[in-house]
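Structure file upload12.csv (CSV, C-alpha atoms) follows.
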chain,number,residue,atom,x,y,z
A,37,MET,CA,85.3,8.9,38.8
A,38,ASN,CA,84.3,8.9,42.5
A,39,ASP,CA,81.7,11.7,43.1
A,40,GLU,CA,81.6,11.1,46.9
A,41,SER,CA,82.2,14.3,48.8
A,42,ASP,CA,85.4,15.0,50.6
A,43,GLY,CA,83.5,15.0,53.9
A,44,ALA,CA,82.0,11.6,53.2
A,45,LEU,CA,85.4,10.2,52.3
A,46,VAL,CA,86.9,11.6,55.5
A,47,ARG,CA,84.2,10.0,57.6
A,48,ARG,CA,84.8,6.6,55.9
A,49,THR,CA,88.5,6.9,56.5
A,50,CYS,CA,88.0,7.6,60.1
A,51,SER,CA,85.6,4.7,60.3
A,52,GLY,CA,88.5,2.4,59.3
A,53,GLU,CA,88.3,2.4,55.5
A,54,PRO,CA,91.8,3.4,54.4
A,55,ARG,CA,90.8,3.1,50.7
A,56,ALA,CA,88.6,6.1,51.1
A,57,PHE,CA,91.6,8.1,51.9
A,58,GLU,CA,93.3,6.9,48.7
A,59,THR,CA,90.4,8.6,46.8
A,60,LEU,CA,91.1,11.8,48.7
A,61,VAL,CA,94.8,11.5,47.8
A,62,ARG,CA,94.0,10.9,44.1
A,63,ARG,CA,91.6,13.9,44.1
A,64,HIS,CA,94.0,16.4,45.6
A,65,GLU,CA,97.5,15.2,44.9
A,66,LYS,CA,98.0,17.0,41.6
A,67,THR,CA,96.9,20.3,43.0
A,68,VAL,CA,99.0,19.9,46.1
A,69,PHE,CA,102.1,18.9,44.1
A,70,ASN,CA,101.7,21.8,41.7
A,71,ALA,CA,101.2,24.3,44.6
A,72,ALA,CA,104.4,23.0,46.2
A,73,LEU,CA,106.2,23.1,42.9
A,74,ARG,CA,105.3,26.7,42.3
A,75,MET,CA,106.2,27.6,45.9
A,76,LEU,CA,109.5,25.8,45.8
A,77,HIS,CA,110.6,25.5,42.1
A,78,ASP,CA,112.0,22.1,42.8
A,79,ARG,CA,110.4,18.9,41.8
A,80,GLU,CA,112.1,16.7,44.5
A,81,GLU,CA,111.2,19.1,47.3
A,82,ALA,CA,107.7,19.4,45.9
A,83,ARG,CA,107.4,15.6,45.9
A,84,ASP,CA,108.6,15.4,49.5
A,85,VAL,CA,106.3,18.1,50.6
A,86,SER,CA,103.3,16.4,48.9
A,87,GLN,CA,104.0,13.2,50.8
A,88,THR,CA,104.3,15.1,54.1
A,89,VAL,CA,101.1,16.9,53.5
A,90,PHE,CA,99.1,13.8,53.0
A,91,LEU,CA,100.8,12.1,56.0
A,92,LYS,CA,99.8,15.1,58.2
A,93,VAL,CA,96.3,15.2,56.8
A,94,TYR,CA,95.9,11.5,57.6
A,95,GLU,CA,97.4,11.7,61.1
A,96,HIS,CA,95.1,14.6,62.0
A,97,LEU,CA,92.1,13.6,60.0
A,98,GLY,CA,90.2,13.1,63.3
A,99,GLU,CA,90.7,16.8,64.1
A,100,TYR,CA,89.3,18.0,60.8
A,101,ASP,CA,86.3,20.3,61.4
A,102,PRO,CA,83.7,19.4,58.7
A,103,SER,CA,82.2,22.8,59.0
A,104,HIS,CA,85.2,24.0,56.9
A,105,LYS,CA,86.0,23.0,53.4
A,106,PHE,CA,88.3,20.0,53.3
A,107,TYR,CA,90.4,21.4,50.5
A,108,SER,CA,91.0,24.7,52.4
A,109,TRP,CA,92.4,22.6,55.2
A,110,ILE,CA,94.7,20.5,53.0
A,111,TYR,CA,95.8,23.6,51.0
A,112,ARG,CA,96.7,25.4,54.2
A,113,ILE,CA,98.9,22.4,55.2
A,114,ALA,CA,100.4,22.4,51.7
A,115,LEU,CA,101.4,26.0,51.9
A,116,ASN,CA,102.7,25.7,55.4
A,117,GLU,CA,104.8,22.7,54.6
A,118,SER,CA,106.2,24.5,51.5
A,119,ILE,CA,107.1,27.5,53.6
A,120,LYS,CA,108.8,25.2,56.1
A,121,SER,CA,110.7,23.6,53.3
A,122,LEU,CA,111.8,27.0,52.1
A,123,GLN,CA,112.9,28.0,55.6
A,124,ARG,CA,115.1,24.9,55.8
A,125,ARG,CA,117.0,25.8,52.7
A,126,LYS,CA,120.4,27.3,52.9
A,127,PRO,CA,120.3,31.1,52.5
A,128,THR,CA,121.9,31.0,49.0
A,129,ALA,CA,119.5,28.4,47.7
A,130,ALA,CA,116.9,30.9,46.8
A,131,LEU,CA,119.3,32.4,44.3
A,132,ASP,CA,120.0,29.1,42.6
A,133,PHE,CA,117.2,29.1,40.1
A,134,GLU,CA,117.9,30.5,36.7
A,135,THR,CA,116.1,33.4,35.2
A,136,PRO,CA,115.4,32.5,31.6
A,137,ASP,CA,116.1,35.0,28.9
A,138,GLY,CA,113.0,36.7,27.7
A,139,THR,CA,114.4,37.4,24.2
A,140,PRO,CA,112.0,36.2,21.5
A,141,GLY,CA,113.1,33.3,19.3
A,142,PRO,CA,113.7,33.5,15.6
A,143,GLU,CA,110.0,33.8,14.8
A,144,GLY,CA,109.9,36.9,17.0
A,145,VAL,CA,107.5,35.4,19.5
A,146,LEU,CA,108.0,33.9,22.9
A,147,ASP,CA,107.0,30.2,22.8
A,148,ARG,CA,104.9,28.8,25.6
A,149,ARG,CA,107.8,27.1,27.3
A,150,GLN,CA,109.8,30.3,27.4
A,151,LEU,CA,106.9,32.2,28.8
A,152,SER,CA,106.2,29.5,31.4
A,153,ASP,CA,109.8,29.2,32.5
A,154,GLY,CA,110.0,33.0,32.7
A,155,MET,CA,106.8,33.2,34.7
A,156,ALA,CA,108.0,30.4,37.1
A,157,ALA,CA,111.2,32.4,37.7
A,158,ALA,CA,109.2,35.6,38.2
A,159,ILE,CA,107.0,33.8,40.7
A,160,MET,CA,110.1,32.7,42.6
A,161,SER,CA,111.4,36.2,42.7
A,162,LEU,CA,108.3,37.2,44.8
A,163,ARG,CA,108.4,37.3,48.6
A,164,THR,CA,106.8,34.3,50.1
A,165,GLU,CA,103.6,35.9,51.1
A,166,TYR,CA,103.1,37.3,47.6
A,167,ARG,CA,104.0,34.0,46.1
A,168,ALA,CA,101.5,32.2,48.3
A,169,VAL,CA,98.5,34.3,47.1
A,170,ILE,CA,99.5,33.9,43.5
A,171,VAL,CA,99.7,30.1,44.0
A,172,LEU,CA,96.4,30.0,45.8
A,173,ARG,CA,94.5,32.1,43.2
A,174,HIS,CA,96.1,30.9,40.0
A,175,PHE,CA,97.2,27.3,40.7
A,176,MET,CA,94.7,26.2,43.3
A,177,ASP,CA,91.7,28.2,41.9
A,178,CYS,CA,90.8,29.5,45.3
A,179,SER,CA,88.3,32.3,45.7
A,180,TYR,CA,89.0,35.4,47.8
A,181,GLU,CA,87.0,33.8,50.6
A,182,ASP,CA,88.9,30.6,50.4
A,183,MET,CA,92.2,32.4,50.4
A,184,ALA,CA,91.2,34.4,53.5
A,185,ALA,CA,90.3,31.2,55.3
A,186,ILE,CA,93.5,29.4,54.3
A,187,LEU,CA,95.7,32.3,55.2
A,188,GLU,CA,93.7,33.3,58.2
A,189,LEU,CA,93.6,36.9,57.0
A,190,PRO,CA,90.8,39.4,56.3
A,191,GLU,CA,89.6,39.2,52.8
A,192,LYS,CA,90.5,42.8,52.2
A,193,THR,CA,94.2,42.1,53.1
A,194,VAL,CA,94.2,39.0,50.8
A,195,LYS,CA,92.9,41.1,47.9
A,196,SER,CA,95.4,43.8,48.5
A,197,ARG,CA,98.2,41.3,48.6
A,198,LEU,CA,97.0,39.6,45.5
A,199,PHE,CA,96.8,42.8,43.5
A,200,SER,CA,100.3,43.8,44.6
A,201,ALA,CA,101.7,40.4,43.7
A,202,ARG,CA,100.1,40.6,40.3
A,203,GLN,CA,101.6,44.1,39.7
A,204,LEU,CA,105.1,42.8,40.8
A,205,LEU,CA,104.8,39.9,38.4
A,206,LYS,CA,103.7,42.3,35.6
A,207,THR,CA,106.7,44.5,36.2
A,208,ALA,CA,109.0,41.5,36.2
A,209,MET,CA,107.5,40.2,33.0
A,210,GLU,CA,107.7,43.5,31.2
A,211,THR,CA,111.3,44.2,32.4
A,212,ARG,CA,112.4,41.0,30.7
A,213,GLY,CA,110.2,41.5,27.6
A,214,TRP,CA,108.1,38.4,28.5
A,215,ALA,CA,104.8,40.3,28.5
A,216,SER,CA,105.3,42.3,25.3
A,217,GLU,CA,102.7,41.9,22.6
B,238,MET,CA,99.6,61.7,34.3
B,239,GLY,CA,96.8,59.3,35.2
B,240,VAL,CA,95.0,58.6,38.3
B,241,GLY,CA,95.9,59.8,41.9
B,242,MET,CA,96.6,57.6,44.8
B,243,THR,CA,93.1,56.9,46.0
B,244,GLY,CA,91.9,56.8,42.4
B,245,GLN,CA,94.7,54.4,41.6
B,246,ASP,CA,93.6,52.0,44.4
B,247,THR,CA,90.0,52.0,43.1
B,248,THR,CA,91.2,51.5,39.5
B,249,LEU,CA,93.4,48.6,40.6
B,250,GLU,CA,90.5,47.0,42.5
B,251,LEU,CA,88.3,47.4,39.5
B,252,ILE,CA,90.9,45.9,37.1
B,253,ASN,CA,91.5,43.0,39.4
B,254,ALA,CA,87.8,42.4,39.9
B,255,GLU,CA,87.5,42.2,36.1
B,256,ILE,CA,90.3,39.7,35.9
B,257,ASP,CA,88.7,37.6,38.6
B,258,GLY,CA,85.3,37.8,37.0
B,259,ALA,CA,83.9,39.7,40.1
B,260,LEU,CA,82.8,43.0,38.6
B,261,THR,CA,79.3,44.2,39.4
B,262,GLY,CA,77.2,46.1,36.8
B,263,PRO,CA,78.0,49.5,38.2
B,264,GLN,CA,81.7,48.6,38.6
B,265,ARG,CA,81.8,47.5,35.0
B,266,ALA,CA,80.4,50.9,33.9
B,267,GLU,CA,82.9,52.7,36.1
B,268,LEU,CA,85.8,50.7,34.7
B,269,ASN,CA,84.7,51.3,31.1
B,270,ARG,CA,84.6,55.0,31.9
B,271,LEU,CA,88.1,55.0,33.3
B,272,LEU,CA,89.5,52.9,30.4
B,273,LEU,CA,88.0,55.3,27.8
B,274,ALA,CA,89.3,58.4,29.7
B,275,ASP,CA,92.8,57.4,30.4
B,276,PRO,CA,95.3,55.5,28.2
B,277,SER,CA,97.5,54.7,31.3
B,278,VAL,CA,94.6,52.8,32.8
B,279,ARG,CA,94.2,50.9,29.6
B,280,ALA,CA,97.9,50.0,29.6
B,281,LEU,CA,97.7,48.9,33.2
B,282,ARG,CA,94.6,46.8,32.6
B,283,ASP,CA,96.2,45.2,29.5
B,284,GLY,CA,99.4,44.4,31.3
B,285,LEU,CA,97.8,42.8,34.3
B,286,ALA,CA,95.3,40.9,32.2
B,287,ARG,CA,98.2,39.5,30.1
B,288,THR,CA,100.2,38.6,33.2
B,289,CYS,CA,97.2,36.7,34.7
B,290,ARG,CA,96.5,35.0,31.4
B,291,ALA,CA,100.1,33.8,31.3
B,292,LEU,CA,99.8,32.5,34.9
B,293,ASP,CA,96.6,30.7,34.1
B,294,GLU,CA,98.1,29.1,31.0
B,295,MET,CA,101.1,27.7,32.8
B,296,PRO,CA,101.0,24.0,32.5
B,297,ARG,CA,99.9,21.9,35.5
B,298,GLU,CA,102.6,19.4,35.9
B,299,GLU,CA,101.7,15.7,36.2
B,300,ILE,CA,102.7,14.3,39.6
B,301,PRO,CA,106.0,12.3,39.5
B,302,ALA,CA,105.6,8.6,38.7
B,303,GLY,CA,105.4,6.7,42.0
B,304,LEU,CA,104.3,9.6,44.1
B,305,HIS,CA,100.8,8.4,44.5
B,306,GLU,CA,102.0,4.9,45.6
B,307,ALA,CA,104.6,6.4,47.9
B,308,ILE,CA,101.9,8.5,49.6
B,309,VAL,CA,99.5,5.7,50.0
B,310,THR,CA,101.9,3.0,51.1
B,311,GLY,CA,103.7,5.5,53.4
B,312,LEU,CA,100.7,6.2,55.5
B,313,PRO,CA,100.9,5.2,59.2
B,314,VAL,CA,99.5,1.8,60.1
B,315,ALA,CA,97.2,3.3,62.7
B,316,ALA,CA,93.9,4.8,61.6
B,317,PRO,CA,93.4,8.5,62.1
B,318,ARG,CA,94.0,9.3,65.8
B,319,SER,CA,90.8,10.5,67.4
B,320,HIS,CA,88.7,7.6,66.4
B,321,GLY,CA,90.8,5.1,68.2
B,322,LEU,CA,90.5,2.5,65.4
B,323,ARG,CA,93.5,0.4,64.8
B,324,HIS,CA,94.1,-2.0,61.9
B,325,ARG,CA,94.5,-5.5,63.3
B,326,SER,CA,96.8,-7.5,61.2
B,327,PHE,CA,100.2,-8.9,61.9
B,328,THR,CA,101.2,-5.6,63.3
B,329,SER,CA,99.3,-6.5,66.5
B,330,ARG,CA,101.4,-9.6,66.9
B,331,PRO,CA,105.0,-8.6,67.4
B,332,LEU,CA,106.6,-12.1,67.2
B,333,LEU,CA,104.8,-12.9,64.0
B,334,ARG,CA,105.8,-9.5,62.6
B,335,TYR,CA,109.5,-10.0,63.3
B,336,ALA,CA,109.4,-13.6,62.0
B,337,ALA,CA,107.8,-12.3,58.8
B,338,ALA,CA,110.2,-9.4,58.5
B,339,PHE,CA,113.4,-11.4,59.2
B,340,GLY,CA,112.6,-14.9,58.0
B,341,GLY,CA,110.7,-14.5,54.7
B,342,GLY,CA,113.5,-13.7,52.2
B,343,LEU,CA,116.4,-11.5,51.6
B,344,LEU,CA,116.9,-9.0,54.4
B,345,VAL,CA,118.3,-5.9,52.8
B,346,SER,CA,119.1,-4.0,56.0
B,347,ALA,CA,118.0,-3.5,59.5
B,348,LEU,CA,119.4,-0.9,61.8
B,349,ALA,CA,118.5,0.6,65.1
B,350,PHE,CA,118.4,4.3,66.0
B,351,GLN,CA,119.0,5.4,69.5
B,352,LEU,CA,119.5,9.0,69.0
B,353,GLY,CA,119.4,11.8,71.6
B,354,ARG,CA,116.0,13.3,72.6
B,355,LEU,CA,114.9,16.2,70.5
B,356,ASP,CA,112.7,18.8,72.0
B,357,SER,CA,112.0,20.7,68.8
B,358,THR,CA,109.7,19.4,66.1
B,359,GLU,CA,111.9,21.1,63.5
B,360,PHE,CA,115.0,19.4,62.3
B,361,GLY,CA,117.9,20.5,60.1
B,362,ALA,CA,120.6,19.0,57.9
B,363,GLY,CA,123.0,18.9,60.7
B,364,GLN,CA,120.9,16.4,62.6
B,365,LEU,CA,120.8,13.7,60.0
B,366,ALA,CA,121.8,10.3,61.0
B,367,GLY,CA,121.5,6.6,60.1
B,368,THR,CA,122.7,6.6,56.5
B,369,ILE,CA,123.5,3.1,55.2
B,370,ALA,CA,124.7,4.3,51.8
B,371,ALA,CA,125.1,7.6,50.1
B,372,ALA,CA,122.1,8.5,48.0
B,373,THR,CA,123.1,9.4,44.5
B,374,HIS,CA,119.8,9.1,42.7
B,375,ALA,CA,116.6,8.7,44.7
B,376,GLU,CA,114.4,6.2,43.0
B,377,ALA,CA,111.6,5.8,45.6
B,378,ARG,CA,111.2,7.5,48.9
B,379,MET,CA,109.0,7.1,52.0
B,380,ILE,CA,108.5,10.2,54.1
B,381,VAL,CA,108.3,9.5,57.8
B,382,ASN,CA,106.6,12.2,59.8
B,383,LEU,CA,105.5,10.7,63.1
B,384,ASP,CA,105.7,12.2,66.6
B,385,GLN,CA,108.6,9.9,67.5
B,386,VAL,CA,110.5,9.8,64.2
B,387,ARG,CA,110.8,12.0,61.2
B,388,GLY,CA,112.8,12.0,58.0
B,389,SER,CA,112.9,9.8,54.9
B,390,ILE,CA,113.8,6.3,53.8
B,391,THR,CA,115.0,6.1,50.2
B,392,LEU,CA,115.5,3.2,48.0
B,393,THR,CA,118.2,3.7,45.4
B,394,GLY,CA,120.6,1.9,43.1
B,395,ALA,CA,119.9,-1.0,40.7
B,396,ALA,CA,116.6,-2.9,41.0
B,397,GLU,CA,118.4,-6.2,41.6
B,398,ALA,CA,120.7,-4.7,44.3
B,399,PRO,CA,118.8,-1.9,45.9
B,400,GLN,CA,120.3,0.2,48.7
B,401,VAL,CA,118.3,1.7,51.5
B,402,VAL,CA,119.3,5.2,52.6
B,403,THR,CA,117.8,6.5,55.7
B,404,SER,CA,117.8,10.1,56.9
B,405,LEU,CA,115.9,10.1,60.2
B,406,GLU,CA,115.7,11.6,63.6
B,407,SER,CA,114.1,9.9,66.5
B,408,THR,CA,113.1,10.8,70.0
B,409,ARG,CA,113.1,7.2,71.1
B,410,PRO,CA,114.7,3.9,69.9
B,411,VAL,CA,113.3,2.7,66.7
B,412,SER,CA,114.3,0.1,64.2
B,413,ILE,CA,113.9,0.3,60.4
B,414,VAL,CA,113.2,-3.2,59.1
B,415,THR,CA,113.4,-3.7,55.3
B,416,HIS,CA,112.5,-6.8,53.4
B,417,LEU,CA,113.0,-7.4,49.7
B,418,HIS,CA,110.2,-9.3,48.2
B,419,GLU,CA,110.5,-11.5,45.1
B,420,ASP,CA,108.5,-9.0,43.0
B,421,GLY,CA,111.2,-6.4,43.6
B,422,ARG,CA,109.2,-4.5,46.2
B,423,VAL,CA,111.0,-3.5,49.4
B,424,GLU,CA,108.8,-3.5,52.4
B,425,VAL,CA,109.8,-1.0,55.0
B,426,GLN,CA,108.7,-0.9,58.5
B,427,VAL,CA,109.4,1.7,61.2
B,428,VAL,CA,109.2,-0.2,64.5
B,429,ASP,CA,109.1,1.3,68.0
B,430,ASP,CA,111.7,-0.7,69.9
B,431,VAL,CA,110.1,-0.1,73.3
B,432,THR,CA,106.5,-1.1,72.4
B,433,ALA,CA,107.5,-3.3,69.5
B,434,THR,CA,104.7,-1.8,67.4
B,435,VAL,CA,105.0,-0.9,63.7
B,436,LEU,CA,104.6,2.9,63.5
B,437,GLN,CA,104.6,3.1,59.8
B,438,ARG,CA,104.9,0.7,56.9
B,439,GLY,CA,105.4,1.2,53.2
B,440,ASN,CA,106.5,-0.4,50.0
B,441,LEU,CA,109.2,1.0,47.8
B,442,ARG,CA,110.1,-0.2,44.4
B,443,ILE,CA,112.8,0.8,41.9
B,444,GLY,CA,111.7,0.5,38.3
B,445,PRO,CA,109.6,2.2,35.7
B,446,GLY,CA,106.8,2.8,38.1
B,447,SER,CA,108.9,4.7,40.5
B,448,ALA,CA,111.2,6.8,38.3
B,449,HIS,CA,110.7,10.5,38.6
Here is a file; write its structure as C-alpha cells.
Amino acid sequence: MNDESDGALVRRTCSGEPRAFETLVRRHEKTVFNAALRMLHDREEARDVSQTVFLKVYEHLGEYDPSHKFYSWIYRIALNESIKSLQRRKPTAALDFETPDGTPGPEGVLDRRQLSDGMAAAIMSLRTEYRAVIVLRHFMDCSYEDMAAILELPEKTVKSRLFSARQLLKTAMETRGWASE
Amino acid sequence: MGVGMTGQDTTLELINAEIDGALTGPQRAELNRLLLADPSVRALRDGLARTCRALDEMPREEIPAGLHEAIVTGLPVAAPRSHGLRHRSFTSRPLLRYAAAFGGGLLVSALAFQLGRLDSTEFGAGQLAGTIAAATHAEARMIVNLDQVRGSITLTGAAEAPQVVTSLESTRPVSIVTHLHEDGRVEVQVVDDVTATVLQRGNLRIGPGSAH
C-alpha cells in the first residue's frame, strides 16, 4: 500500500514520473467507477467515463491547485463526465432501466440483491442534481463541505438538496415495499 | 397531525444530522424530545434511517477487468501540460516510429482520418466516423480525449484475429496505427499527420485480462 499523499503523487507525475500517476489511478479508480455506475446505471458507460476522467485529470494535472483536495477535483470531473454522458443519451434511454419488483421472496424478506437492485432503480428515478448529491454522500463518502466544494454550491443548498433526495428515495422505497420492516 | 412547515424543516435537519453523525449535544436533546412527542417524527426518522442504511449497504462494484490497464496505457504520451516535460523515446524520432509501427510484425490496420473541422468540443452519435468493422462485443477499449481527436478505439473479435473498431472525430488529419505483437497485445498509436508526433499510445488485449 502506498501511503504517499495525493499531492506528492501529483508533483511526482508532473516531474516526469508517470508511475506515480498509476498509483493515483489505483487509489481512486474504484470510487470513480462506482460513482459513474450509480449516476449512469450502465457498466459500459461507467467504464468509458472512468477512462475519460483519468485522461482529463492527467492532461490537466498541471492546472491542479494543491490548495484544494485532489479527490474533490477528480470527483467533480467524474460527476461532470457522467452528466455529459447522460446528456448524450437519446431521450428514451433514461426509461430503459427496469424497476425491480419489491415483492418479498418466499421467506417473506427482501434479499440484499433485491434491495440493492431496487435502490439502484430508485436512484436512477431521481433528477440528476438529486442523484449527484446521493452519489457524493453515500458512494464517495463526501462531507457536506466536500460536496459544496465539488458542486460549487453553498453548504446550506447542498444539505437541503441531500435531505430532499433522501426523502424522495424513502418515498420510492416505501411505495414499492422495499423499505418495509 | 405532526409538525408545521418550519418545524418540519428543523426536524428534517435534525434527523439528517443524526444520520450523518453530525448532531451536537443540544440538537440530540431536541431530537429526542421530538421523537418522544410525535409518532410521525419517529416514523419519518425510521424511514430515512432505513433508506440511508440501504444506500450505505449497497455493494461497491469491482472495476471491470482490464479497466485499470486501459486507463494507464491510454494516457497521452506527453507529460502533464504545464510542466513542459516530454517523454523522449521513439516518439521523438518519427522515422524510427513509423519503421517500428509498420515493419515489426503483423499490421492489423492503419487508416487516416481527414474529417471536417469541428468547432464544438461536444460530439454526438451522428458524427461518428472511421469504423473498420462493426463492434459486436467490445473486449478492450482505449478512450481518446485529446484536443485534436476524441472518441474510442476498440479491440474486438477473437484473440487470434482481432478487429479494430474506431469511433473518432478529429479536427485535423490523424492516423491510427495498430500493431499486433506476438504476445497478443495490440499497440495503438494516434499520430498527428501534420507534425508526425504520437498524440496517444496504448495497448489493447483480448483475453481473460480484458473481459468485462
May I ask you to extract the residues of chain A within 6 Å of chain B, using only C-alpha atoms, and to give them as JSON, numbers by chain? {"A": [50, 66, 87, 91, 94, 95, 97, 98, 152, 174, 206]}
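Excluding Met75 in chain A itself and any same-chain residue fewer than 4 positions from it, the protein and nucleic acid residues within 9 Å of it, counting all atoms listed in the file, are Asn70, Ala71, Ala82, Leu115, Ser118, Ile119, Leu122, Ile159, Met160, Thr164, Arg167, Ala168 and Val171 of chain A.
Straight-line separation from CA of Ser277 in chain B to CA of Leu260 in chain B: 20.2 Å.
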From the options A:Asp182, A:Asp101, A:Asp177, A:Asp42, which residue's atoms come nearest to Thr67 in chain A, counting all atoms listed in the file?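 Closest residue, counting all atoms listed in the file: A:Asp177.
Here CA of Ser86 in chain A stands at a distance of 6.2 Å from CA of Val68 in chain A.
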Nearest-residue call for Ser200 in chain A, choices A:Leu162, A:Ser103, A:Met183, A:Gly43, using only C-alpha atoms: A:Leu162
At what distance in Å, to one decimal, does CA of Phe199 in chain A lie from CA of Val169 in chain A?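 According to the coordinates, CA of Val169 in chain A and CA of Phe199 in chain A are separated by 9.4 Å.
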Would you pick out the contacts of Ala44 in chain A at 12 Å or less, using all atoms listed in the file, so that residues sharing its chain but fewer than 4 positions from it are not included, and give the list as a list of chain:residue names?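 Neighbouring residues, sequence-local ones excluded: A:Asn38, A:Asp39, A:Glu40, A:Arg48, A:Thr49, A:Cys50, A:Ser51, A:Glu53, A:Ala56, A:Phe57, A:Thr59, A:Leu60, A:Pro102, A:Phe106.
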